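Report on the following structure.
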Amino acid sequence: MAALAQPLIDHHDAIVRLCRAYGVERLEVFGSAADGRFDPARSDFDFIVRLAPRPEASLARRFLGFVEGLEALLGRPVDVLSDGPIENPYLRRAVDASRRTLHDEPAAKAPA
């Protein structure tokens with residue numbers, strides 16, 4: 001399996017903390033950061049996120065806060081898809097070919 005982009009390895013613990021802070025149950029990376037083609041000078045990061053339901057916090061606010069946190073942490077743009085079905089067959093194949101899990105912690109097990 002191809003190596004993850006070095007910033008994801010270097011910041012793994014901080015990424016997990018961000019996931020927990022924003023109620024992210026599952027975070028996957030795909031594309032160049034997941035398949036060994038990452039170019040530190042030009043590449044962005046592509047993620048798929050699943051947020052746990054939290055009645056006390058707006059889903060949109062948590063999603064945007066999480067994206068901003070990832071960009072600040074990684075120092076570059078990120079593209080984030082929600083964990084729904086990908087209808088575009090070309091995008092779905094590209095995502096499925098390289099997606100790798102970075103964090104998987106169901107809300108029931110995540111710290112409050």
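Letters for chains follow the order of the structure tokens (A, B, ...), residue numbers begin at 1 for each chain, and ligand numbers begin at 1 in the order shown.
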| Neighbour list for range 16-29 of chain A as a ChimeraX atom specification, cut-off 8 Å, only C-alpha atoms, skip fewer than 3 positions in-chain | /A:12-13,33-34,45-54,62-63,65-66,69-70,98-107,110-111
Mind dumping the selected residues with N, CA and C atoms as a short mmCIF file (atom, residue, chain, number, x, y, z; two decimals), in the first residue's frame?
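Dumped everything to result-v4.cif:
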data_model
loop_
_atom_site.label_atom_id
_atom_site.label_comp_id
_atom_site.auth_asym_id
_atom_site.auth_seq_id
_atom_site.Cartn_x
_atom_site.Cartn_y
_atom_site.Cartn_z
N HIS A 12 -0.94 13.26 12.84
CA HIS A 12 -2.01 12.29 13.09
C HIS A 12 -2.71 12.52 14.43
N ASP A 13 -1.96 12.69 15.50
CA ASP A 13 -2.57 12.86 16.82
C ASP A 13 -3.42 14.13 16.87
N ALA A 33 -2.84 12.37 -1.50
CA ALA A 33 -2.34 12.25 -0.12
C ALA A 33 -2.46 10.83 0.41
N ALA A 34 -3.23 9.99 -0.29
CA ALA A 34 -3.43 8.60 0.14
C ALA A 34 -2.72 7.59 -0.73
N PHE A 45 -5.39 18.41 0.13
CA PHE A 45 -5.82 17.18 0.80
C PHE A 45 -7.29 16.96 0.50
N ASP A 46 -7.66 15.72 0.24
CA ASP A 46 -9.04 15.35 -0.04
C ASP A 46 -9.50 14.37 1.03
N PHE A 47 -10.61 14.72 1.69
CA PHE A 47 -11.12 13.92 2.79
C PHE A 47 -12.59 13.58 2.59
N ILE A 48 -13.01 12.53 3.27
CA ILE A 48 -14.42 12.16 3.43
C ILE A 48 -14.67 12.12 4.93
N VAL A 49 -15.74 12.78 5.35
CA VAL A 49 -16.00 12.89 6.78
C VAL A 49 -17.42 12.42 7.11
N ARG A 50 -17.55 11.76 8.25
CA ARG A 50 -18.86 11.40 8.79
C ARG A 50 -18.95 12.03 10.18
N LEU A 51 -19.91 12.95 10.33
CA LEU A 51 -20.12 13.61 11.61
C LEU A 51 -21.19 12.89 12.41
N ALA A 52 -20.95 12.74 13.70
CA ALA A 52 -21.94 12.15 14.59
C ALA A 52 -23.04 13.18 14.87
N PRO A 53 -24.26 12.73 15.07
CA PRO A 53 -25.31 13.68 15.43
C PRO A 53 -25.04 14.25 16.82
N ARG A 54 -25.15 15.56 16.92
CA ARG A 54 -25.01 16.24 18.22
C ARG A 54 -26.08 17.32 18.27
N ARG A 62 -20.18 22.76 12.74
CA ARG A 62 -19.15 21.77 13.06
C ARG A 62 -18.36 21.38 11.82
N PHE A 63 -19.06 21.18 10.70
CA PHE A 63 -18.39 20.81 9.45
C PHE A 63 -17.40 21.91 9.05
N GLY A 65 -16.13 24.33 10.87
CA GLY A 65 -15.06 24.45 11.87
C GLY A 65 -14.01 23.37 11.70
N PHE A 66 -14.46 22.17 11.41
CA PHE A 66 -13.53 21.06 11.20
C PHE A 66 -12.65 21.32 9.97
N GLY A 69 -10.15 23.93 10.78
CA GLY A 69 -9.13 23.36 11.65
C GLY A 69 -8.12 22.52 10.89
N LEU A 70 -8.61 21.70 9.96
CA LEU A 70 -7.70 20.89 9.14
C LEU A 70 -6.79 21.77 8.29
N SER A 98 -8.39 4.88 -3.84
CA SER A 98 -7.31 5.35 -2.98
C SER A 98 -7.71 5.64 -1.53
N ARG A 99 -8.98 5.55 -1.19
CA ARG A 99 -9.41 5.98 0.15
C ARG A 99 -8.79 5.14 1.26
N ARG A 100 -8.38 5.85 2.31
CA ARG A 100 -7.77 5.21 3.48
C ARG A 100 -8.30 5.87 4.74
N THR A 101 -8.58 5.07 5.73
CA THR A 101 -9.14 5.57 6.98
C THR A 101 -8.04 6.17 7.86
N LEU A 102 -8.31 7.39 8.34
CA LEU A 102 -7.41 8.05 9.29
C LEU A 102 -7.94 7.99 10.71
N HIS A 103 -9.27 7.97 10.83
CA HIS A 103 -9.91 7.98 12.15
C HIS A 103 -11.25 7.27 12.04
N ASP A 104 -11.53 6.39 12.98
CA ASP A 104 -12.80 5.69 13.00
C ASP A 104 -13.16 5.43 14.44
N GLU A 105 -14.05 6.25 14.97
CA GLU A 105 -14.43 6.16 16.38
C GLU A 105 -15.91 6.53 16.50
N PRO A 106 -16.77 5.55 16.60
CA PRO A 106 -18.20 5.85 16.73
C PRO A 106 -18.47 6.78 17.91
N ALA A 107 -19.48 7.61 17.76
CA ALA A 107 -19.79 8.61 18.76
C ALA A 107 -19.99 8.00 20.15
N ALA A 110 -16.58 7.84 21.57
CA ALA A 110 -15.80 9.08 21.59
C ALA A 110 -16.01 9.78 22.93
N PRO A 111 -14.96 10.44 23.44
CA PRO A 111 -15.11 11.18 24.67
C PRO A 111 -16.11 12.33 24.50
#
| said: Give me the residues near Arg76 in chain A as a count of residues only, where near means some atom within 10 Å (using only C-alpha atoms) and where sequence neighbours in that chain fewer than 5 positions away do not count. | reply: 8
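Our summary of the geometry notes that CA of Ser32 in chain A is positioned 12.2 Å from CA of Asp79 in chain A.
Within chain A, DSSP run on the backbone puts these residues in strand (DSSP E or B): A:Val24, A:Glu25, A:Arg26, A:Leu27, A:Glu28, A:Val29, A:Phe30, A:Phe45, A:Asp46, A:Phe47, A:Ile48, A:Val49, A:Arg50, A:Leu51, A:Val78, A:Asp79, A:Val80, A:Leu81, A:Ser82, A:Arg100, A:Thr101, A:Leu102, A:His103, A:Asp104.
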Go ahead and save the residues from that selection, with C-alpha atoms, as a short mmCIF file (atom, residue, chain, number, x, y, z; two decimals), in the first residue's frame.
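Writing the result to selection-v5.cif gives the following:
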data_model
loop_
_atom_site.label_atom_id
_atom_site.label_comp_id
_atom_site.auth_asym_id
_atom_site.auth_seq_id
_atom_site.Cartn_x
_atom_site.Cartn_y
_atom_site.Cartn_z
CA VAL A 24 -16.18 13.34 13.54
CA GLU A 25 -16.88 9.62 13.73
CA ARG A 26 -14.95 8.66 10.62
CA LEU A 27 -12.34 10.46 8.54
CA GLU A 28 -10.88 9.09 5.34
CA VAL A 29 -8.33 10.55 2.97
CA PHE A 30 -8.24 9.90 -0.76
CA PHE A 45 -5.82 17.18 0.80
CA ASP A 46 -9.04 15.35 -0.04
CA PHE A 47 -11.12 13.92 2.79
CA ILE A 48 -14.42 12.16 3.43
CA VAL A 49 -16.00 12.89 6.78
CA ARG A 50 -18.86 11.40 8.79
CA LEU A 51 -20.12 13.61 11.61
CA VAL A 78 -8.51 20.78 1.99
CA ASP A 79 -11.53 19.45 0.11
CA VAL A 80 -14.01 17.59 2.27
CA LEU A 81 -16.89 15.42 1.10
CA SER A 82 -19.63 14.19 3.39
CA ARG A 100 -7.77 5.21 3.48
CA THR A 101 -9.14 5.57 6.98
CA LEU A 102 -7.41 8.05 9.29
CA HIS A 103 -9.91 7.98 12.15
CA ASP A 104 -12.80 5.69 13.00
#
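Counting from CA of Asp35 in chain A, the distance to CA of Leu73 in chain A is 20.7 Å.
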| CA of Asp83 in chain A to CA of Glu56 in chain A, distance in Å rounded to a single decimal | 20.9 Å
| task | Please run DSSP on the backbone and report, as a PyMOL selection string, all residues within chain A that come out as helix (DSSP H, G or I). | result | chain A and resi 6-10+12-22+32-35+59-74+89-98
Selected residues, N, CA and C atoms, written as a short mmCIF file (atom, residue, chain, number, x, y, z; two decimals), in the first residue's frame, please.
data_model
loop_
_atom_site.label_atom_id
_atom_site.label_comp_id
_atom_site.auth_asym_id
_atom_site.auth_seq_id
_atom_site.Cartn_x
_atom_site.Cartn_y
_atom_site.Cartn_z
N GLN A 6 3.27 12.74 4.17
CA GLN A 6 3.98 12.95 5.43
C GLN A 6 3.25 13.88 6.41
N PRO A 7 2.62 14.98 5.96
CA PRO A 7 1.90 15.81 6.93
C PRO A 7 0.79 15.07 7.68
N LEU A 8 0.18 14.09 7.05
CA LEU A 8 -0.86 13.31 7.73
C LEU A 8 -0.25 12.42 8.81
N ILE A 9 0.93 11.93 8.56
CA ILE A 9 1.64 11.12 9.56
C ILE A 9 2.12 12.02 10.69
N ASP A 10 2.74 13.15 10.33
CA ASP A 10 3.28 14.07 11.34
C ASP A 10 2.21 14.63 12.26
N HIS A 12 -0.94 13.26 12.84
CA HIS A 12 -2.01 12.29 13.09
C HIS A 12 -2.71 12.52 14.43
N ASP A 13 -1.96 12.69 15.50
CA ASP A 13 -2.57 12.86 16.82
C ASP A 13 -3.42 14.13 16.87
N ALA A 14 -2.95 15.21 16.26
CA ALA A 14 -3.72 16.46 16.23
C ALA A 14 -4.98 16.30 15.37
N ILE A 15 -4.89 15.54 14.30
CA ILE A 15 -6.07 15.28 13.47
C ILE A 15 -7.12 14.51 14.27
N VAL A 16 -6.69 13.52 15.03
CA VAL A 16 -7.62 12.77 15.87
C VAL A 16 -8.26 13.69 16.91
N ARG A 17 -7.48 14.59 17.50
CA ARG A 17 -8.05 15.54 18.47
C ARG A 17 -9.10 16.44 17.81
N LEU A 18 -8.82 16.90 16.59
CA LEU A 18 -9.80 17.70 15.85
C LEU A 18 -11.07 16.89 15.60
N CYS A 19 -10.91 15.63 15.20
CA CYS A 19 -12.07 14.77 14.96
C CYS A 19 -12.92 14.68 16.22
N ARG A 20 -12.31 14.46 17.34
CA ARG A 20 -13.05 14.32 18.59
C ARG A 20 -13.72 15.65 18.97
N ALA A 21 -13.03 16.76 18.79
CA ALA A 21 -13.57 18.07 19.15
C ALA A 21 -14.81 18.42 18.33
N TYR A 22 -14.83 18.02 17.07
CA TYR A 22 -15.93 18.38 16.18
C TYR A 22 -16.92 17.23 15.97
N SER A 32 -4.17 12.05 -3.96
CA SER A 32 -2.71 12.04 -3.93
C SER A 32 -2.14 11.88 -2.52
N ALA A 33 -2.84 12.37 -1.50
CA ALA A 33 -2.34 12.25 -0.12
C ALA A 33 -2.46 10.83 0.41
N ALA A 34 -3.23 9.99 -0.29
CA ALA A 34 -3.43 8.60 0.14
C ALA A 34 -2.72 7.59 -0.73
N ASP A 35 -2.30 7.99 -1.93
CA ASP A 35 -1.75 6.99 -2.84
C ASP A 35 -0.29 7.20 -3.25
N LEU A 59 -24.76 21.14 12.67
CA LEU A 59 -23.98 20.29 11.78
C LEU A 59 -23.11 21.14 10.85
N ALA A 60 -23.69 22.17 10.27
CA ALA A 60 -22.94 23.04 9.35
C ALA A 60 -21.79 23.73 10.06
N ARG A 61 -22.02 24.24 11.25
CA ARG A 61 -20.97 24.93 12.00
C ARG A 61 -19.83 23.97 12.34
N ARG A 62 -20.18 22.76 12.74
CA ARG A 62 -19.15 21.77 13.06
C ARG A 62 -18.36 21.38 11.82
N PHE A 63 -19.06 21.18 10.70
CA PHE A 63 -18.39 20.81 9.45
C PHE A 63 -17.40 21.91 9.05
N LEU A 64 -17.87 23.14 9.01
CA LEU A 64 -17.00 24.25 8.61
C LEU A 64 -15.85 24.46 9.59
N GLY A 65 -16.13 24.33 10.87
CA GLY A 65 -15.06 24.45 11.87
C GLY A 65 -14.01 23.37 11.70
N PHE A 66 -14.46 22.17 11.41
CA PHE A 66 -13.53 21.06 11.20
C PHE A 66 -12.65 21.32 9.97
N VAL A 67 -13.27 21.76 8.88
CA VAL A 67 -12.51 22.06 7.66
C VAL A 67 -11.47 23.15 7.93
N GLU A 68 -11.89 24.21 8.60
CA GLU A 68 -10.95 25.30 8.94
C GLU A 68 -9.81 24.79 9.83
N GLY A 69 -10.15 23.93 10.78
CA GLY A 69 -9.13 23.36 11.65
C GLY A 69 -8.12 22.52 10.89
N LEU A 70 -8.61 21.70 9.96
CA LEU A 70 -7.70 20.89 9.14
C LEU A 70 -6.79 21.77 8.29
N GLU A 71 -7.36 22.81 7.67
CA GLU A 71 -6.54 23.71 6.84
C GLU A 71 -5.48 24.40 7.66
N ALA A 72 -5.83 24.86 8.85
CA ALA A 72 -4.86 25.52 9.72
C ALA A 72 -3.77 24.55 10.15
N LEU A 73 -4.17 23.35 10.51
CA LEU A 73 -3.21 22.34 10.96
C LEU A 73 -2.26 21.91 9.84
N LEU A 74 -2.81 21.67 8.65
CA LEU A 74 -2.01 21.13 7.55
C LEU A 74 -1.36 22.22 6.70
N PRO A 89 -20.05 8.37 -11.11
CA PRO A 89 -19.32 7.10 -11.15
C PRO A 89 -17.81 7.27 -11.32
N TYR A 90 -17.37 8.31 -12.00
CA TYR A 90 -15.94 8.52 -12.19
C TYR A 90 -15.29 8.96 -10.89
N LEU A 91 -15.93 9.88 -10.19
CA LEU A 91 -15.41 10.32 -8.89
C LEU A 91 -15.44 9.17 -7.91
N ARG A 92 -16.54 8.40 -7.89
CA ARG A 92 -16.64 7.27 -6.96
C ARG A 92 -15.51 6.27 -7.18
N ARG A 93 -15.19 5.94 -8.45
CA ARG A 93 -14.09 5.01 -8.73
C ARG A 93 -12.76 5.59 -8.27
N ALA A 94 -12.53 6.87 -8.53
CA ALA A 94 -11.27 7.50 -8.13
C ALA A 94 -11.13 7.52 -6.61
N VAL A 95 -12.21 7.84 -5.92
CA VAL A 95 -12.18 7.86 -4.46
C VAL A 95 -11.95 6.45 -3.92
N ASP A 96 -12.71 5.49 -4.40
CA ASP A 96 -12.61 4.12 -3.89
C ASP A 96 -11.25 3.50 -4.16
N ALA A 97 -10.58 3.94 -5.21
CA ALA A 97 -9.27 3.37 -5.55
C ALA A 97 -8.18 3.77 -4.55
N SER A 98 -8.39 4.88 -3.84
CA SER A 98 -7.31 5.35 -2.98
C SER A 98 -7.71 5.64 -1.53
#
